[in-house]
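S.K.: The following block contains the structure, expressed as structure tokens.
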Amino acid sequence: MRLGTILALAALSTLTTKADALIAYDGFSYTAGSSLNGQAGGSGWAGSWSTPGGLDATITASSLSFGGLGTSGGAATTAGFQPSNQGSSVAFWSRNLATPLGADGTTVYLSFLLQPGAGSGFYGGINFGNVFIGVSGNQTDYGLEGPATDLSLSSVPVVQGQTVLLVLEAQFLAGDDQLSLFVNPTPGQAQPATPSATKTDLDLGTVTSLIMNNYGGYTTDEIQIGSTFASVTSPASVPEPTSAYTLLAGLALMALLKRRFRSDN
């Protein structure tokens with residue numbers, strides 16, 4: 001087998017493994033300054049971002065960054081807002097998944113970047129089913145919340161202006177599920193043996209959507225849902241599933257042309 005063909009197949013193996021393991025992705029690669037409302041990029045979703053009202057979320061010119069984690073440009077932010085009360089002063093943005101999650105015996109990973117800005121509100125993060133991941137009300141450490149105000153906190157403090165990588169492992173079981181939170185794992189490394197926080201008293205049920213939920217002053221980026229820890233913590237740029245196959249076709253063609261050129265000469 002020619003070297004070019006071998007390289008193409010190796011690249012295919014890496015990209016298709018990543019693409020196959022990804023369930024949904026949004027890196028917020030939208031026009032800077034635009035509203036999040038109606039944005040429909042990424043993959044694995046059934047519709048666009050929407051809100052019943054409240055704080056607007058806008059797109060930044062650049063991504064958040066964390067330890068070489070792959071990014072695609074842009075982020076969704078409510079920074080600059082200074083809400084005075086709940087209700088209309090809460091940023092509540094939802095997006096439906098193309099495929100519902102939660103079948104017993106399956107495991108799903110969710111990762112995202114979160115940065116509390118200066119003067120950020122007293123909570124901020126993401127709702128995945130009926131678990132909240134991020135900064136719970138008036139807490140000083142990242143953690144999991146649900147049901148209601150039942151908390152499981154990590155020992156990682158919330159620092160304004162500092163980006164964190166939050167990774168949830170959801171093992172869907174008959175009855176209550178096994179939820180593990182990893183705060184700031186190293187991109188590209190194996191899943192840590194010990195989670196930062198766990199919950200075993202919550203049944204997520206069927207998860208049909210994801211909700212960005214904060215009290216203003218937070219930036220969210222690189223939402224990834226996948227079937228493996230590696231698929232949502234890759235240090236490489238994140239290929240959407242269709243992009244992986246497009247790149248594959250290009251690599252295969254290059255290998256074929258290189259082989260034919262050598263044969264003709």
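Note on naming: chains are A, B, ... as they come in the structure tokens, residues start from 1 per chain, ligands start from 1 in the order shown.
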Would you return as number ranges by chain the members of segment 53-262 of chain A that DSSP assigns to alpha helix (DSSP H) on this structure's backbone?
M.R.: A: 241-262
S.K.: Excluding Ile59 of chain A and residues on its chain fewer than 5 positions from it, collect all residues at most 6 Å away from it, counting only C-alpha atoms, and give them as a PDB file with N, CA, C and O atoms, in the first residue's frame.
M.R.:
```pdb
ATOM      1  N   ALA A  32     -20.411  37.958  14.377  1.00  0.00           N
ATOM      2  CA  ALA A  32     -20.133  38.678  15.620  1.00  0.00           C
ATOM      3  C   ALA A  32     -21.124  39.825  15.805  1.00  0.00           C
ATOM      4  O   ALA A  32     -21.426  40.567  14.874  1.00  0.00           O
ATOM      5  N   GLY A  33     -21.654  39.954  17.017  1.00  0.00           N
ATOM      6  CA  GLY A  33     -22.593  41.011  17.333  1.00  0.00           C
ATOM      7  C   GLY A  33     -24.045  40.661  17.092  1.00  0.00           C
ATOM      8  O   GLY A  33     -24.937  41.410  17.496  1.00  0.00           O
ATOM      9  N   SER A  34     -24.295  39.523  16.423  1.00  0.00           N
ATOM     10  CA  SER A  34     -25.672  39.132  16.145  1.00  0.00           C
ATOM     11  C   SER A  34     -26.292  38.458  17.370  1.00  0.00           C
ATOM     12  O   SER A  34     -25.605  38.005  18.275  1.00  0.00           O
ATOM     13  N   ALA A  75     -18.702  32.804  20.403  1.00  0.00           N
ATOM     14  CA  ALA A  75     -19.262  32.276  21.640  1.00  0.00           C
ATOM     15  C   ALA A  75     -20.558  33.024  21.896  1.00  0.00           C
ATOM     16  O   ALA A  75     -20.832  34.055  21.277  1.00  0.00           O
ATOM     17  N   ALA A  76     -21.387  32.509  22.797  1.00  0.00           N
ATOM     18  CA  ALA A  76     -22.651  33.163  23.141  1.00  0.00           C
ATOM     19  C   ALA A  76     -22.496  33.825  24.501  1.00  0.00           C
ATOM     20  O   ALA A  76     -22.138  33.160  25.475  1.00  0.00           O
TER      21      ALA A  76
END
```
S.K.: As number ranges by chain, please: all residues of segment 5-231 of chain A that backbone DSSP puts in strand (DSSP E or B).
M.R.: A: 22-26, 35, 43, 45, 50, 58-59, 76-77, 91-101, 107-116, 124-128, 131-135, 141-145, 151-157, 164-171, 177-183, 197-202, 207-214, 218-226
S.K.: Taking C-alpha atoms for each residue, export the selection above as a compact mmCIF listing (two decimals), in the first residue's frame.
M.R.:
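Result file is result29.txt:
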```txt
# COMPACT_ATOMS: atom_id res chain seq x y z
CA LEU A 22 -20.36 13.19 18.30
CA ILE A 23 -24.11 13.45 18.77
CA ALA A 24 -24.50 17.24 18.71
CA TYR A 25 -22.19 20.22 18.47
CA ASP A 26 -22.35 24.01 18.39
CA SER A 35 -28.33 37.74 18.48
CA SER A 43 -24.93 19.59 13.94
CA TRP A 45 -30.04 19.65 16.41
CA SER A 50 -34.88 30.24 20.86
CA THR A 58 -25.11 37.84 21.49
CA ILE A 59 -22.24 36.35 19.53
CA ALA A 76 -22.65 33.16 23.14
CA THR A 77 -22.52 35.83 25.82
CA ALA A 91 -31.10 34.47 29.96
CA PHE A 92 -32.94 31.25 29.09
CA TRP A 93 -32.05 29.81 25.67
CA SER A 94 -33.08 26.37 24.48
CA ARG A 95 -32.33 24.16 21.50
CA ASN A 96 -33.94 20.82 20.67
CA LEU A 97 -31.86 17.76 19.93
CA ALA A 98 -32.37 15.87 16.69
CA THR A 99 -32.28 12.58 18.62
CA PRO A 100 -33.72 12.25 22.15
CA LEU A 101 -31.28 10.84 24.71
CA THR A 107 -23.93 6.72 28.39
CA VAL A 108 -23.72 10.28 27.07
CA TYR A 109 -21.13 13.00 27.63
CA LEU A 110 -21.78 16.74 27.54
CA SER A 111 -18.98 19.32 27.58
CA PHE A 112 -18.95 23.09 27.32
CA LEU A 113 -16.83 26.11 28.16
CA LEU A 114 -18.16 28.65 30.64
CA GLN A 115 -16.77 31.99 31.72
CA PRO A 116 -18.40 34.13 34.41
CA GLY A 124 -25.04 30.36 35.32
CA GLY A 125 -24.65 27.16 33.33
CA ILE A 126 -26.59 24.60 31.30
CA ASN A 127 -29.67 22.48 31.99
CA PHE A 128 -29.39 18.96 30.57
CA VAL A 131 -29.82 18.47 36.03
CA PHE A 132 -28.12 21.87 36.07
CA ILE A 133 -24.35 22.03 35.45
CA GLY A 134 -22.38 25.14 36.40
CA VAL A 135 -22.62 27.80 39.10
CA ASP A 141 -17.71 26.26 43.55
CA TYR A 142 -18.85 24.56 40.34
CA GLY A 143 -21.18 21.61 40.63
CA LEU A 144 -24.41 19.80 39.82
CA GLU A 145 -27.90 20.76 40.95
CA LEU A 151 -26.47 20.26 45.24
CA SER A 152 -23.34 18.25 44.64
CA LEU A 153 -20.36 20.60 44.52
CA SER A 154 -16.79 20.24 43.33
CA SER A 155 -13.86 21.89 45.07
CA VAL A 156 -13.12 24.08 42.02
CA PRO A 157 -13.88 27.74 42.81
CA VAL A 164 -13.64 26.49 32.84
CA LEU A 165 -14.24 23.26 30.94
CA LEU A 166 -17.21 21.36 32.38
CA VAL A 167 -17.80 17.75 31.33
CA LEU A 168 -20.84 15.74 32.42
CA GLU A 169 -20.94 11.95 32.14
CA ALA A 170 -24.55 10.72 32.26
CA GLN A 171 -24.99 6.98 32.70
CA ASP A 177 -28.98 7.79 36.86
CA GLN A 178 -25.25 8.01 37.61
CA LEU A 179 -24.04 11.57 36.96
CA SER A 180 -20.37 12.54 37.15
CA LEU A 181 -18.94 16.02 36.68
CA PHE A 182 -15.34 16.64 35.63
CA VAL A 183 -14.12 20.21 36.04
CA ALA A 197 -18.63 15.82 41.79
CA THR A 198 -21.29 13.11 41.46
CA LYS A 199 -25.05 12.68 41.78
CA THR A 200 -26.95 9.40 42.10
CA ASP A 201 -30.33 10.70 43.30
CA LEU A 202 -31.75 11.98 40.02
CA VAL A 207 -33.52 14.43 27.34
CA THR A 208 -34.92 16.25 24.31
CA SER A 209 -33.24 19.65 24.57
CA LEU A 210 -30.41 21.64 26.07
CA ILE A 211 -30.87 24.99 27.83
CA MET A 212 -28.37 27.76 28.46
CA ASN A 213 -29.58 29.31 31.69
CA ASN A 214 -27.92 32.21 33.52
CA TYR A 218 -21.81 34.65 31.41
CA THR A 219 -20.20 33.44 28.19
CA THR A 220 -20.83 29.91 26.90
CA ASP A 221 -18.93 28.14 24.13
CA GLU A 222 -18.13 24.81 22.46
CA ILE A 223 -21.15 22.75 23.42
CA GLN A 224 -20.44 19.13 22.55
CA ILE A 225 -22.53 16.02 23.18
CA GLY A 226 -21.00 12.66 22.40
```
S.K.: With distances taken over only C-alpha atoms, which residue among A:Thr186, A:Gln160, A:Thr140, A:Thr106 lies nearest Thr206 of chain A?
M.R.: A:Thr106
S.K.: Could you check the closest approach to Pro185 of chain A for each of A:Gly137, A:Gly68, A:Ser89, A:Gly205 and tell me which residue wins, using only C-alpha atoms?
M.R.: A:Gly68
S.K.: Which is closer to Thr71 of chain A than all the others in A:Gly53, A:Asp203, A:Phe28, A:Leu36, using only C-alpha atoms?
M.R.: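 Ranking A:Gly53, A:Asp203, A:Phe28, A:Leu36 by distance to Thr71 of chain A, first place goes to A:Phe28.
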S.K.: I need the residue nearest Gln39 of chain A from this list: A:Thr51, A:Thr194, A:Asn130, A:Gln162. Use only C-alpha atoms for the distance.
M.R.: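 So, comparing all the options, the nearest one is A:Thr51.
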